[in-house]
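Peer 1: Please find one structure pasted underneath; my questions will follow.
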Amino acid sequence: MKKAIIYVWFMCLFCCSIEAQETITFKADLTKKELVHVNTDDLKANQYYDLKILGVNTAFIDIVVETTDYSLTSSTPGILKSLLLKIPDSGILGFMSQESAGPQYNLVYNQALEHVKKLDSLTERANSLYEVSNDHAEFRTLDMVRGIQKKAQLHLRELNQNFNATPKLLQPKEVDYDLLRNSVAQSYQYIQSAKHYYKTLIENSDLSIDSGVANDLIIYASYLEVLSEAIDLETSLRYFDFLVGSTEMKNYEQFPELLKASKDVMEAKITLINTFTNDTILSKKIDFFTKKGSFKFDFSTGFFYNNIREKAYYLEDNGDERNQILEENGNNFDIAIGALAHFSYRFKAGIRGGLNAGAAVSPLDGITRYLFGAGVLIGREQLIGINVGASLARIDVLSNSVESENGNLYVPAEFTSAPTYKKSEWGIYFGLTYNLTRERKK
């Protein structure tokens with residue numbers, strides 16, 4: 001029984017650890033305008049991950065995430081190329097244009113003022129709640145979130161009473177947000193129609209008969225113009241949507257199964273937008289590299305140590321009608337510059353290993369070495385390679401016609417140089433290579 005309990009506990013712990021790995025988490029610091037990794041795990045190939053962003057108020061922070069999957073490719077080195085919402089008019093203007101008596105002109109003005117007050121009350125409530133919500137607290141407790149939700153619900157009930165002129169006793173428990181939003185839009189349209197109404201009367205009526213009426217119309221028109229100057233339909237609706245969003249606000253945002261890397265690297269552009277002020281808070285590009293899996297071709301260039309060396313000889317008169325062949329003093333190794341093509345397997349995001357082949361040219365003798373071996377590539381986007389294997393070069397070696405005696409080499413006296421011929425020689429190589437210019441391709 002005890003073993004069974006331990007087994008169940010272990011399985012639960014294992015499952016929880018798997019679940020934790022399926023969410024990539026960031027923390028937003030709105031004061032510094034930064035996104036900080038909470039965990040920086042690379043992504044398994046072709047597996048979905050959630051993206052979670054902490055420290056945001058979903059009532060006024062809109063998060064836009066764009067992801068692009070890239071393959072990392074490198075151009076072939078030269079040495080290897082040879083080898084490889086609309087609101088309709090309310091009709092208020094047509095109704096009011098039927099008025100003709102001077103004393104009735106102020107009715108439209110008074111109604112327009114009421115609608116200005118309604119929209120001002122919306123702005124005041126939205127700004128008040130925004131100041132509380134936008135405190136940039138590093139961590140908002142559950143009580144703080146619930147407090148903002150309750151304040152938003154209270155503000156909307158009060159606005160519903162103002163816009164729809166419903167007595168408190170008859171107020172429904174639930175506010176119809178769609179109906180209230182339409183009322184906000186209608187208030188804006190009423191003000192615009194009233195301004196147009198007075199402008200039309202002033203431009204098209206014979207007002208010289210009664211200067212008092214003309215004066216009143218001009219006053220009404222100018223007052224409405226000033227009072228409505230700061231009123232904008234898009235802004236008012238944005239404030240209203242903020243209040244509605246605050247009723248269900250959270251202090252984080254989560255995007256289920258958003259991240260999936262199927263190539264080498266997935267680039268995610270995360271943009272935080274303040275919908276209350278209509279400003280972009282920050283925009284950041286984050287790279288997610290694939291953890292492991294898949295074979296891939298890559299190229300690298302660098303320096304190669306090898307032990308293939310073309311020897312130089314000189315002749316010395318031996319005094320017996322023969323010249324002795326002696327080797328010039330020189331290095332027993334060679335350093336060449338070249339490139340490798342790698343066919344490797346990704347063991348994890350920053351390590352891959354496999355076979356390679358390439359060529360290198362020695363600046364000492366100008367001879368090309370052909371390279372075949374294996375190596376390890378280290379790095380995510382820029383690569384450093386450690387390689388080892390066999391090298392092959394066609395070099396001059398002594399002819400078989402050379403006479404050997406007691407370990408010494410001789411040629412007849414008539415020879416002015418040591419006889420040689422071309423031969424392919426094998427050796428070993430050790431190479432340190434790099435690729436700092438890999439490109440991203442979709």
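Numbering starts fresh at 1 for the residues of each chain in the structure tokens, the chains themselves are lettered A, B, ... in the order given, and ligands are numbered from 1 as they appear.
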Just want the 10 Å neighbourhood of A:Val175, counted on only C-alpha atoms, with same-chain residues fewer than 6 positions away dropped. Output as a list in words.
Peer 2: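 Once the adjacent positions are removed, what remains is Gln153, Leu156, Arg157, Glu158, Leu159, Asn160 and Gln161 of chain A.
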Peer 1: Would you mind exporting the chosen residues as a PDB file, in the first residue's frame, restricted to N, CA and C atoms?
Peer 2:
```
ATOM      1  N   GLN A 153     -18.738  47.958 -11.863  1.00  0.00           N
ATOM      2  CA  GLN A 153     -20.166  47.603 -11.891  1.00  0.00           C
ATOM      3  C   GLN A 153     -21.014  48.742 -11.331  1.00  0.00           C
ATOM      4  N   LEU A 156     -21.226  51.629 -13.879  1.00  0.00           N
ATOM      5  CA  LEU A 156     -22.117  51.308 -14.992  1.00  0.00           C
ATOM      6  C   LEU A 156     -23.577  51.386 -14.584  1.00  0.00           C
ATOM      7  N   ARG A 157     -23.888  50.983 -13.356  1.00  0.00           N
ATOM      8  CA  ARG A 157     -25.279  51.132 -12.891  1.00  0.00           C
ATOM      9  C   ARG A 157     -25.664  52.606 -12.800  1.00  0.00           C
ATOM     10  N   GLU A 158     -24.749  53.442 -12.316  1.00  0.00           N
ATOM     11  CA  GLU A 158     -25.013  54.880 -12.221  1.00  0.00           C
ATOM     12  C   GLU A 158     -25.157  55.496 -13.612  1.00  0.00           C
ATOM     13  N   LEU A 159     -24.312  55.086 -14.534  1.00  0.00           N
ATOM     14  CA  LEU A 159     -24.425  55.596 -15.907  1.00  0.00           C
ATOM     15  C   LEU A 159     -25.723  55.156 -16.553  1.00  0.00           C
ATOM     16  N   ASN A 160     -26.145  53.934 -16.305  1.00  0.00           N
ATOM     17  CA  ASN A 160     -27.402  53.433 -16.856  1.00  0.00           C
ATOM     18  C   ASN A 160     -28.577  54.271 -16.367  1.00  0.00           C
ATOM     19  N   GLN A 161     -28.507  54.697 -15.095  1.00  0.00           N
ATOM     20  CA  GLN A 161     -29.562  55.555 -14.559  1.00  0.00           C
ATOM     21  C   GLN A 161     -29.522  56.940 -15.205  1.00  0.00           C
TER      22      GLN A 161
END
```
Peer 1: Can you tell me which residues surround A:Phe333 at a distance of at most 12 Å, considering only C-alpha atoms, apart from same-chain residues fewer than 3 positions away, and format the answer as a count of residues only?
Peer 2: 17
Peer 1: Which one of A:Val402, A:Val116, A:Leu54, A:Leu30 sits closest to A:Asn251 if you count only C-alpha atoms?
Peer 2: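 Once distances to A:Asn251 are computed over only C-alpha atoms, the minimum belongs to A:Leu54.
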Peer 1: Determine the nearest neighbour of A:Asn134 from the options A:Phe276, A:Phe303, A:Phe343, A:Phe295, counting only C-alpha atoms.
Peer 2: A:Phe276
Peer 1: Of the candidates A:Glu403, A:Glu114, A:Glu328, A:Asp178, which shows the shortest atom-to-atom distance to A:Leu237, using only C-alpha atoms?
Peer 2: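 Checking each of A:Glu403, A:Glu114, A:Glu328, A:Asp178 against A:Leu237, counting only C-alpha atoms, the winner is A:Asp178.
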Peer 1: Taking the DSSP assignment computed from this structure's backbone, write out as a tab-separated table (two decimals) with N, CA and C atoms, in the first residue's frame all residues of stretch 152-262 of chain A that belong to strand (DSSP E).
Peer 2:
```
chain	number	residue	atom	x	y	z
A	252	TYR	N	-3.63	39.19	-15.37
A	252	TYR	CA	-2.76	38.46	-16.30
A	252	TYR	C	-3.55	38.20	-17.58
A	253	GLU	N	-2.85	37.83	-18.63
A	253	GLU	CA	-3.48	37.44	-19.89
A	253	GLU	C	-2.83	36.15	-20.35
A	254	GLN	N	-3.64	35.21	-20.80
A	254	GLN	CA	-3.11	33.93	-21.24
A	254	GLN	C	-3.66	33.59	-22.61
A	255	PHE	N	-2.75	33.14	-23.48
A	255	PHE	CA	-3.12	32.76	-24.84
A	255	PHE	C	-2.92	31.25	-24.99
A	256	PRO	N	-3.98	30.47	-25.00
A	256	PRO	CA	-3.84	29.01	-25.07
A	256	PRO	C	-3.26	28.55	-26.40
A	257	GLU	N	-2.32	27.63	-26.31
A	257	GLU	CA	-1.75	26.96	-27.48
A	257	GLU	C	-1.35	27.95	-28.58
A	258	LEU	N	-0.69	29.02	-28.19
A	258	LEU	CA	-0.31	30.05	-29.16
A	258	LEU	C	1.05	29.76	-29.78
A	259	LEU	N	1.98	29.27	-28.97
A	259	LEU	CA	3.35	29.11	-29.43
A	259	LEU	C	3.59	27.70	-29.94
```
Peer 1: Pick out the residues sitting within 10 Å of A:Val244, and hand them over as a list in words; count only C-alpha atoms, and ignore anything fewer than 5 positions along from it in its own chain.
Peer 2: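 Once the adjacent positions are removed, what remains is Ala59, Gln149, Ala152, Gln153, His155, Leu156, Tyr177, Arg181, Arg238, Tyr239 and Met249 of chain A.
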Peer 1: For A:Ala261, please output as an NGL selection string all residues within 12 Å (counting only C-alpha atoms; exclusion window: fewer than 3 positions along the same chain).
Peer 2: :A and (42-49 or 67-71 or 257-258 or 264-268 or 287-293 or 349)
Peer 1: Which of these, A:Asn408, A:Ser236, A:Thr141, A:Thr200, has the shortest distance to A:Arg322 once you count only C-alpha atoms?
Peer 2: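 Nearest to A:Arg322: A:Asn408.
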Peer 1: Just want the 8 Å neighbourhood of A:Ser424, counted on only C-alpha atoms, with same-chain residues fewer than 3 positions away dropped. Output as a count of residues only.
Peer 2: 4
Peer 1: Distance atom CA of A:His115-atom CA of A:Ser187, one decimal place?
Peer 2: 5.2 Å
Peer 1: Go through A:Val65, A:Leu227, A:Leu436, A:Leu80 one by one, measure the shortest atom-to-atom distance of each to A:Val361 using only C-alpha atoms, and give the residue with the smallest value.
Peer 2: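 Result for the nearest residue to A:Val361: A:Leu80.
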Peer 1: Any idea what's packed within 10 Å of A:Leu224, counting only C-alpha atoms, ignoring anything in its chain fewer than 5 positions away? Could you give it as number ranges by chain?
Peer 2: A: 109, 112-113, 116, 191-192, 194-195, 198, 218-219, 229
Peer 1: Write down as a VMD selection string the residues belonging to stretch 145-380 of chain A that are assigned helix (DSSP H, G or I) by DSSP computed on the backbone.
Peer 2: chain A and resid 145 to 164 168 to 170 177 to 204 211 to 227 233 to 246
Peer 1: Between A:Asn57, A:Thr420, A:Thr280, A:Asn215, which residue has the minimum interatomic distance to A:Ser401, considering only C-alpha atoms?
Peer 2: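 Once distances to A:Ser401 are computed over only C-alpha atoms, the minimum belongs to A:Thr420.
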Peer 1: Figure out the distance between atom CA of A:Ile378 and atom CA of A:Gly353, please, to one decimal in Å.
Peer 2: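 Atom-to-atom, atom CA of A:Gly353 and atom CA of A:Ile378 are spaced 8.7 Å apart.
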Peer 1: Would you compute the distance between atom CA of A:Ala126 and atom CA of A:Tyr223? Give it in Å to one decimal.
Peer 2: 24.7 Å
